[in-house]
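Novice: Just so it is clear, I am handing over query_32.txt, which has compact mmCIF, C-alpha atoms.
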```txt
# COMPACT_ATOMS: atom_id res chain seq x y z
CA MET A 1 0.00 0.00 0.00
CA ALA A 2 1.24 3.49 -0.73
CA THR A 3 2.62 5.52 2.09
CA HIS A 4 1.30 8.99 2.69
CA ARG A 5 1.91 12.11 4.74
CA THR A 6 -0.84 13.77 6.68
CA THR A 7 -1.18 17.31 7.96
CA PRO A 8 -1.82 17.45 11.73
CA ASP A 9 -4.87 19.32 12.96
CA PRO A 10 -3.75 22.98 13.23
CA GLN A 11 -5.42 23.13 16.64
CA ARG A 12 -3.10 20.38 17.85
CA ARG A 13 0.44 21.25 18.76
CA ALA A 14 2.03 17.88 18.21
CA ALA A 15 4.67 18.45 15.56
CA GLU A 16 6.38 16.41 12.86
CA SER A 17 4.41 13.28 12.07
CA VAL A 18 4.30 10.75 9.28
CA GLN A 19 1.34 8.42 9.09
CA LEU A 20 2.22 5.19 7.34
CA ASP A 21 1.11 1.60 7.02
CA SER A 22 3.13 -0.07 9.74
CA GLU A 23 3.27 -2.97 12.17
CA ILE A 24 4.22 -0.63 15.06
CA ASP A 25 3.44 2.84 16.36
CA LEU A 26 6.59 4.85 17.08
CA VAL A 27 6.45 8.01 19.23
CA PHE A 28 9.45 10.31 19.80
CA VAL A 29 9.65 12.44 22.97
CA HIS A 30 12.40 15.07 23.21
CA GLY A 31 14.30 16.17 26.29
CA LEU A 32 14.38 19.43 28.20
CA ALA A 33 14.97 22.39 25.83
CA GLY A 34 14.53 20.16 22.78
CA ASP A 35 11.50 19.95 20.52
CA ALA A 36 9.90 17.69 17.94
CA THR A 37 12.56 18.53 15.36
CA THR A 38 15.22 16.90 17.56
CA TRP A 39 14.24 13.61 15.98
CA GLY A 40 14.11 14.74 12.34
CA PRO A 41 17.55 13.35 11.35
CA VAL A 42 16.77 10.06 13.10
CA ALA A 43 13.34 9.68 11.53
CA ALA A 44 14.76 10.49 8.10
CA ARG A 45 16.88 7.35 8.39
CA LEU A 46 13.95 5.04 9.10
CA PRO A 47 12.33 3.01 6.32
CA PRO A 48 8.98 4.10 4.89
CA THR A 49 7.23 1.21 6.64
CA VAL A 50 7.63 2.88 10.03
CA HIS A 51 4.71 4.98 11.27
CA TRP A 52 6.01 7.72 13.59
CA LEU A 53 4.96 10.74 15.57
CA SER A 54 7.25 13.34 17.18
CA VAL A 55 5.68 15.61 19.79
CA ASP A 56 6.36 19.01 21.32
CA LEU A 57 6.07 18.98 25.11
CA PRO A 58 4.29 21.93 26.77
CA GLY A 59 6.63 24.92 26.97
CA HIS A 60 8.70 23.69 24.01
CA GLY A 61 8.67 24.10 20.23
CA LYS A 62 5.21 24.92 18.90
CA ARG A 63 3.90 24.71 22.46
CA ARG A 64 6.28 27.38 23.77
CA GLY A 65 3.33 29.58 24.70
CA ASP A 66 1.59 26.98 26.88
CA ASP A 67 0.94 27.76 30.52
CA GLY A 68 2.43 25.61 33.28
CA PRO A 69 2.82 23.57 35.30
CA PHE A 70 5.74 22.04 33.42
CA THR A 71 5.98 18.68 35.14
CA VAL A 72 6.65 15.09 34.16
CA ALA A 73 2.99 14.22 34.81
CA ARG A 74 1.72 17.12 32.68
CA PHE A 75 4.12 16.24 29.87
CA ALA A 76 2.92 12.62 29.90
CA ASP A 77 -0.72 13.72 29.73
CA ALA A 78 0.15 15.88 26.71
CA VAL A 79 1.84 12.95 24.94
CA LEU A 80 -1.12 10.67 25.65
CA ASP A 81 -3.43 13.34 24.25
CA ASP A 82 -1.29 13.73 21.13
CA ILE A 83 -1.25 9.95 20.59
CA GLU A 84 -5.01 9.82 20.93
CA GLN A 85 -5.55 12.62 18.44
CA ALA A 86 -2.93 11.67 15.88
CA VAL A 87 -4.37 10.49 12.59
CA ASN A 88 -4.27 6.70 12.23
CA LEU A 89 -2.56 6.26 15.61
CA ASP A 90 -5.00 4.41 17.83
CA ARG A 91 -4.39 4.14 21.58
CA GLU A 92 -6.52 0.99 21.56
CA SER A 93 -4.54 -0.66 18.77
CA GLU A 94 -2.96 -4.06 19.34
CA ARG A 95 0.16 -2.97 17.44
CA PRO A 96 3.26 -2.57 19.59
CA LEU A 97 3.81 0.98 20.81
CA LEU A 98 7.45 2.07 20.80
CA LEU A 99 8.13 5.15 22.96
CA VAL A 100 11.55 6.71 22.35
CA GLY A 101 12.60 9.39 24.82
CA HIS A 102 15.75 11.42 25.29
CA SER A 103 16.71 12.64 28.77
CA LEU A 104 13.57 14.09 30.40
CA GLY A 105 11.66 12.39 27.58
CA GLY A 106 12.60 8.98 28.98
CA ALA A 107 10.79 9.70 32.25
CA VAL A 108 7.81 11.02 30.30
CA CYS A 109 7.76 7.80 28.25
CA VAL A 110 7.71 5.70 31.43
CA GLU A 111 4.67 7.66 32.62
CA VAL A 112 2.96 7.15 29.26
CA ALA A 113 3.79 3.43 29.32
CA ALA A 114 2.38 3.05 32.83
CA ALA A 115 -0.91 4.55 31.63
CA THR A 116 -1.13 2.32 28.53
CA VAL A 117 -2.93 -1.01 28.75
CA GLY A 118 -4.05 -3.59 26.25
CA ARG A 119 -1.07 -3.49 23.91
CA PRO A 120 2.69 -4.22 24.02
CA VAL A 121 4.68 -1.12 24.97
CA HIS A 122 8.45 -0.67 24.73
CA VAL A 123 10.29 2.32 26.19
CA LEU A 124 13.66 3.12 24.63
CA ALA A 125 15.44 5.67 26.81
CA ILE A 126 18.23 7.54 25.02
CA ASP A 127 20.78 8.54 27.68
CA SER A 128 17.94 8.65 30.16
CA LEU A 129 16.61 7.06 33.38
CA LEU A 130 20.06 6.16 34.73
CA ASN A 131 21.61 9.33 36.12
CA ASN A 132 21.35 9.02 39.89
CA GLU A 133 22.27 12.68 40.36
CA LEU A 134 19.03 13.69 38.72
CA TYR A 135 16.44 10.93 38.79
CA ALA A 136 14.62 9.33 41.65
CA ALA A 137 13.73 10.68 45.07
CA GLN A 138 16.56 13.08 45.77
CA GLY A 139 15.45 13.77 49.32
CA ALA A 140 14.41 17.01 51.02
CA LEU A 141 17.95 18.39 51.48
CA LYS A 142 18.94 17.84 47.85
CA LEU A 143 15.73 19.37 46.57
CA MET A 144 16.16 22.36 48.87
CA THR A 145 19.66 22.85 47.46
CA TYR A 146 18.38 22.68 43.89
CA ARG A 147 15.61 25.19 44.62
CA SER A 148 18.03 27.59 46.29
CA LEU A 149 20.56 27.43 43.46
CA LEU A 150 17.89 27.86 40.81
CA LYS A 151 16.58 30.91 42.63
CA VAL A 152 19.85 32.74 43.28
CA ALA A 153 22.18 31.35 40.61
CA TYR A 154 20.07 30.19 37.71
CA LYS A 155 22.54 30.83 34.90
CA PRO A 156 25.55 29.26 36.67
CA PHE A 157 23.38 26.28 37.61
CA LEU A 158 22.28 25.86 34.00
CA ALA A 159 25.88 26.15 32.79
CA ALA A 160 26.96 23.46 35.25
CA VAL A 161 24.21 21.11 34.06
CA LEU A 162 25.36 21.53 30.47
CA ARG A 163 29.03 21.00 31.34
CA LYS A 164 28.17 17.68 32.95
CA SER A 165 26.30 16.71 29.78
CA TYR A 166 29.34 17.06 27.52
CA THR A 167 32.35 14.80 27.14
CA LYS A 168 35.56 15.08 25.14
CA HIS A 169 33.69 13.50 22.22
CA THR A 170 30.95 16.14 22.13
CA PRO A 171 31.72 18.46 19.19
CA ASP A 172 31.67 22.22 19.61
CA SER A 173 28.76 22.48 17.18
CA ILE A 174 26.57 20.40 19.50
CA LYS A 175 27.73 22.38 22.53
CA ARG A 176 26.79 25.64 20.82
CA ARG A 177 23.43 24.32 19.67
CA THR A 178 22.38 22.91 23.04
CA ALA A 179 23.66 25.95 24.95
CA GLN A 180 21.51 28.16 22.72
CA ASP A 181 18.49 25.87 23.10
CA PHE A 182 18.72 26.13 26.89
CA ALA A 183 19.35 29.87 26.77
CA ASP A 184 16.18 30.28 24.69
CA LEU A 185 14.09 28.13 27.04
CA PRO A 186 12.05 30.22 29.47
CA ALA A 187 13.54 29.94 32.96
CA THR A 188 10.14 28.96 34.40
CA VAL A 189 9.97 25.94 32.10
CA PHE A 190 13.48 24.79 32.98
CA ILE A 191 13.06 25.27 36.73
CA GLN A 192 9.69 23.56 37.00
CA ALA A 193 10.68 20.66 34.73
CA PHE A 194 14.05 20.14 36.41
CA LEU A 195 12.57 20.11 39.91
CA SER A 196 9.75 17.83 38.78
CA LEU A 197 12.31 15.40 37.44
CA ALA A 198 14.35 15.59 40.65
CA GLU A 199 11.19 14.75 42.61
CA TRP A 200 10.13 11.98 40.23
CA ASP A 201 9.95 8.59 41.95
CA ARG A 202 11.87 6.57 39.38
CA ALA A 203 11.68 3.20 41.12
CA GLY A 204 8.02 3.62 42.01
CA ARG A 205 7.00 4.69 38.53
CA LEU A 206 8.95 1.89 36.89
CA ALA A 207 7.28 -0.61 39.21
CA ARG A 208 3.89 0.79 38.20
CA CYS A 209 4.45 -0.29 34.59
CA GLY A 210 2.54 -3.46 33.79
CA SER A 211 3.78 -6.74 32.36
CA ASN A 212 2.99 -5.39 28.89
CA VAL A 213 5.85 -2.87 29.21
CA GLY A 214 9.52 -3.43 28.40
CA ILE A 215 12.12 -0.75 29.18
CA THR A 216 15.63 -0.46 27.74
CA ALA A 217 18.10 2.36 28.40
CA PHE A 218 20.84 3.27 25.94
CA PRO A 219 23.45 5.43 27.73
CA ALA A 220 26.48 6.88 26.02
CA THR A 221 29.57 4.78 26.68
CA ASP A 222 31.40 7.89 27.88
CA SER A 223 28.67 8.95 30.30
CA SER A 224 29.68 9.27 33.95
CA PRO A 225 29.87 6.00 35.95
CA THR A 226 26.85 6.96 38.04
CA ALA A 227 24.79 6.94 34.87
CA GLN A 228 25.40 3.20 34.52
CA SER A 229 23.70 2.17 37.78
CA ILE A 230 20.08 1.77 38.70
CA GLU A 231 18.37 0.26 41.71
CA THR A 232 15.85 -1.83 39.80
CA SER A 233 16.15 -4.73 37.40
CA ARG A 234 13.11 -3.33 35.57
CA VAL A 235 15.43 -1.60 33.08
CA ALA A 236 17.77 -3.35 30.65
CA VAL A 237 20.92 -1.25 30.11
CA ARG A 238 22.72 -1.31 26.76
CA PRO A 239 25.48 1.31 26.31
CA VAL A 240 25.62 2.09 22.61
CA ALA A 241 27.45 5.29 21.71
CA TYR A 242 29.85 8.07 22.66
CA GLY A 243 29.39 11.81 22.65
CA GLY A 244 27.85 12.32 26.06
CA HIS A 245 24.28 13.21 26.86
CA PHE A 246 23.52 14.73 23.45
CA TYR A 247 24.67 11.89 21.22
CA VAL A 248 21.11 11.80 19.91
CA LEU A 249 21.96 15.02 18.00
CA MET A 250 25.50 14.02 17.12
CA LEU A 251 24.89 10.47 15.88
CA PRO A 252 21.46 10.11 14.24
CA ASP A 253 22.70 7.11 12.25
CA VAL A 254 23.54 5.30 15.49
CA VAL A 255 20.17 6.12 17.05
CA ALA A 256 18.27 5.08 13.93
CA GLY A 257 20.29 1.86 13.85
CA LEU A 258 19.46 0.89 17.41
CA LEU A 259 15.77 1.59 16.73
CA LEU A 260 15.82 -0.58 13.61
CA ASP A 261 17.64 -3.37 15.45
CA PHE A 262 14.99 -3.21 18.16
CA ILE A 263 12.11 -3.10 15.69
CA ALA A 264 13.56 -6.13 13.89
CA GLN A 265 12.86 -8.18 17.02
CA LEU A 266 9.15 -7.40 16.92
CA PRO A 267 6.64 -8.89 17.39
CA ALA A 268 7.72 -10.28 20.73
CA THR A 269 6.79 -9.88 24.34
CA PRO A 270 8.42 -7.09 26.35
CA THR A 271 10.15 -9.66 28.57
CA ASN A 272 11.89 -11.08 25.51
CA LEU A 273 13.15 -7.64 24.55
CA GLY A 274 14.39 -6.25 27.84
```
Translate this file's structure into C-alpha cells.
Specialist:
Amino acid sequence: MATHRTTPDPQRRAAESVQLDSEIDLVFVHGLAGDATTWGPVAARLPPTVHWLSVDLPGHGKRRGDDGPFTVARFADAVLDDIEQAVNLDRESERPLLLVGHSLGGAVCVEVAAATVGRPVHVLAIDSLLNNELYAAQGALKLMTYRSLLKVAYKPFLAAVLRKSYTKHTPDSIKRRTAQDFADLPATVFIQAFLSLAEWDRAGRLARCGSNVGITAFPATDSSPTAQSIETSRVAVRPVAYGGHFYVLMLPDVVAGLLLDFIAQLPATPTNLG
C-alpha cells in the first residue's frame, strides 16, 4: 500500500508526524529544551514502513506559549493526548507501541507506558533514566539545594548542568546548539521541569508499569559512571554510543540503527526484549 503524509490538525500542537502503514506505532519524545525537530535526522533514516509521531512537550517548540505547570505528569498527559488525536494512531490498537525518549523524555515515556494497557509497549530511553544525580527521590535536602541554586544562581546552575552533559567527544557544534536551546528556554519551564524530574519517583513509577511494558536504556559509553547504575532490574541497560548526553543530536545514524535493530525483534513480548 502506498505511504502517505498527513497534515496534523492545526489546533493540535504535536509536531512532525508521518502516518504510514506499519506494524508498530513509534512516538518520539524530546528532552528538556529540545522539541519535535530533535528527531528529524533520526526519523529520516527510518524506512517508509515505520509509522512515527514526534511531539512538542508543553513549553517547548510549537507549544512554547503553553501555561504551566511544566511537570513530568503534565508532559505525559500531553503525549497521551497527542497519541489519541494523531491520525491513524489508535491508543486501543494491538500494534506494539514504541516510545523513544531522550533525557527528560525517557521519564515522560515511562509515565505514558504506565498509563497504557491492552497493547505491548516498549520504552527506549536515550541517555535517560540512569543518572542518579538527577532521577529518583533526591530527598528534602537535595531538593532544597536545587531550589536555592535555581533561585539565586540560575545561569551558573544551568551552565553546570550543560558542562556535565558534555564529554571530550561532544563536538563544539553540538555544545553551541544545546547551549543556545537552553538559553532560549524560558527559565520557568526549565526550573519547573528540572525540579519535577528531581522529585520523580523513578523506582516507584517503573514498578507501576505493567507486564505489557519493556524498558531499555541506551546510555552513552562515555557517560559518567553513576549513569550506569540503577536500583531496579526493571530496566535493561545497553550502552551504545559516545558523545555524552547529546549523542542523539550528534549520531542520528547510530540512534536510527538501534531503533531498527529493536524493531527487527518485533513482534515479541516485552520480557523477551528487555
Novice: What is the CA of Ala187 in chain A-CA of Phe157 in chain A distance in Å, reported with one decimal?
Specialist: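 Distance between the two atoms: 11.5 Å.
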Novice: Just want the 12 Å neighbourhood of range 37-42 of chain A, counted on only C-alpha atoms, with same-chain residues fewer than 5 positions away dropped. Output as a PyMOL selection string.
Specialist: chain A and resi 14-18+26-32+47+52-57+60-62+100-102+105+126+177-178+181+246-260
Novice: Go ahead and find all residues with at least one atom no further than 6 Å from (4.6, 1.6, 18.9) in the file's coordinates, using all atoms listed in the file; report them as a list of chain:residue names.
Specialist: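 Using all atoms listed in the file, the matching residues come out as A:Ile24, A:Asp25, A:Leu26, A:Pro96, A:Leu97, A:Leu98.
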Novice: Quick one: distance from CA of Phe218 in chain A to CA of Ala125 in chain A in Å, one decimal?
Specialist: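 Here the two named atoms are 6.0 Å from each other.
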Novice: Taking all atoms listed in the file into account, which of A:Ile191, A:Asp127, A:Asp82, A:Gly204 comes nearest Asp222 in chain A?
Specialist: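 The closest residue to Asp222 in chain A is A:Asp127.
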Novice: Using Å and a single decimal, report how far CA of Val213 in chain A sits from CA of Gln85 in chain A.
Specialist: 22.0 Å
Novice: Compare A:Asp77, A:Gly243, A:Ala193, A:Gly106 by their minimum atom-to-atom distance to Leu124 in chain A, counting all atoms listed in the file, and give me the closest one.
Specialist: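 Ranked by minimum distance to Leu124 in chain A, first place goes to A:Gly106.
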Novice: Which residues, written as a PyMOL selection string, have at least one atom at most 10 Å from His245 in chain A, with all atoms listed in the file counted and residues fewer than 6 positions away on the same chain left out?
Specialist: chain A and resi 102-103+126-128+162+164-167+170+219-224
Novice: Any idea what's packed within 7 Å of Thr216 in chain A, counting all atoms listed in the file, ignoring anything in its chain fewer than 5 positions away? Could you give it as number ranges by chain?
Specialist: A: 123-125, 235-237, 274
Novice: Build an axis-aligned box that encloses every atom of range 162-176 of chain A listed in the file, pad it by 6 Å on each side, and report its centre and edge lengths in Å to one decimal, as AutoDock Vina command-line options.
Specialist:
```
--center_x 30.5 --center_y 19.6 --center_z 25.1 --size_x 22.2 --size_y 24.1 --size_z 27.8
```
Novice: Taking only C-alpha atoms into account, name the residue in A:Lys151, A:His122, A:Arg45, A:Arg95 that is nearest to Cys209 in chain A.
Specialist: A:His122
Novice: Select, from A:Leu99, A:Val161, A:Ile174, A:Ala33, the residue with the minimum atom-to-atom distance to Thr188 in chain A, counting all atoms listed in the file.
Specialist: A:Ala33
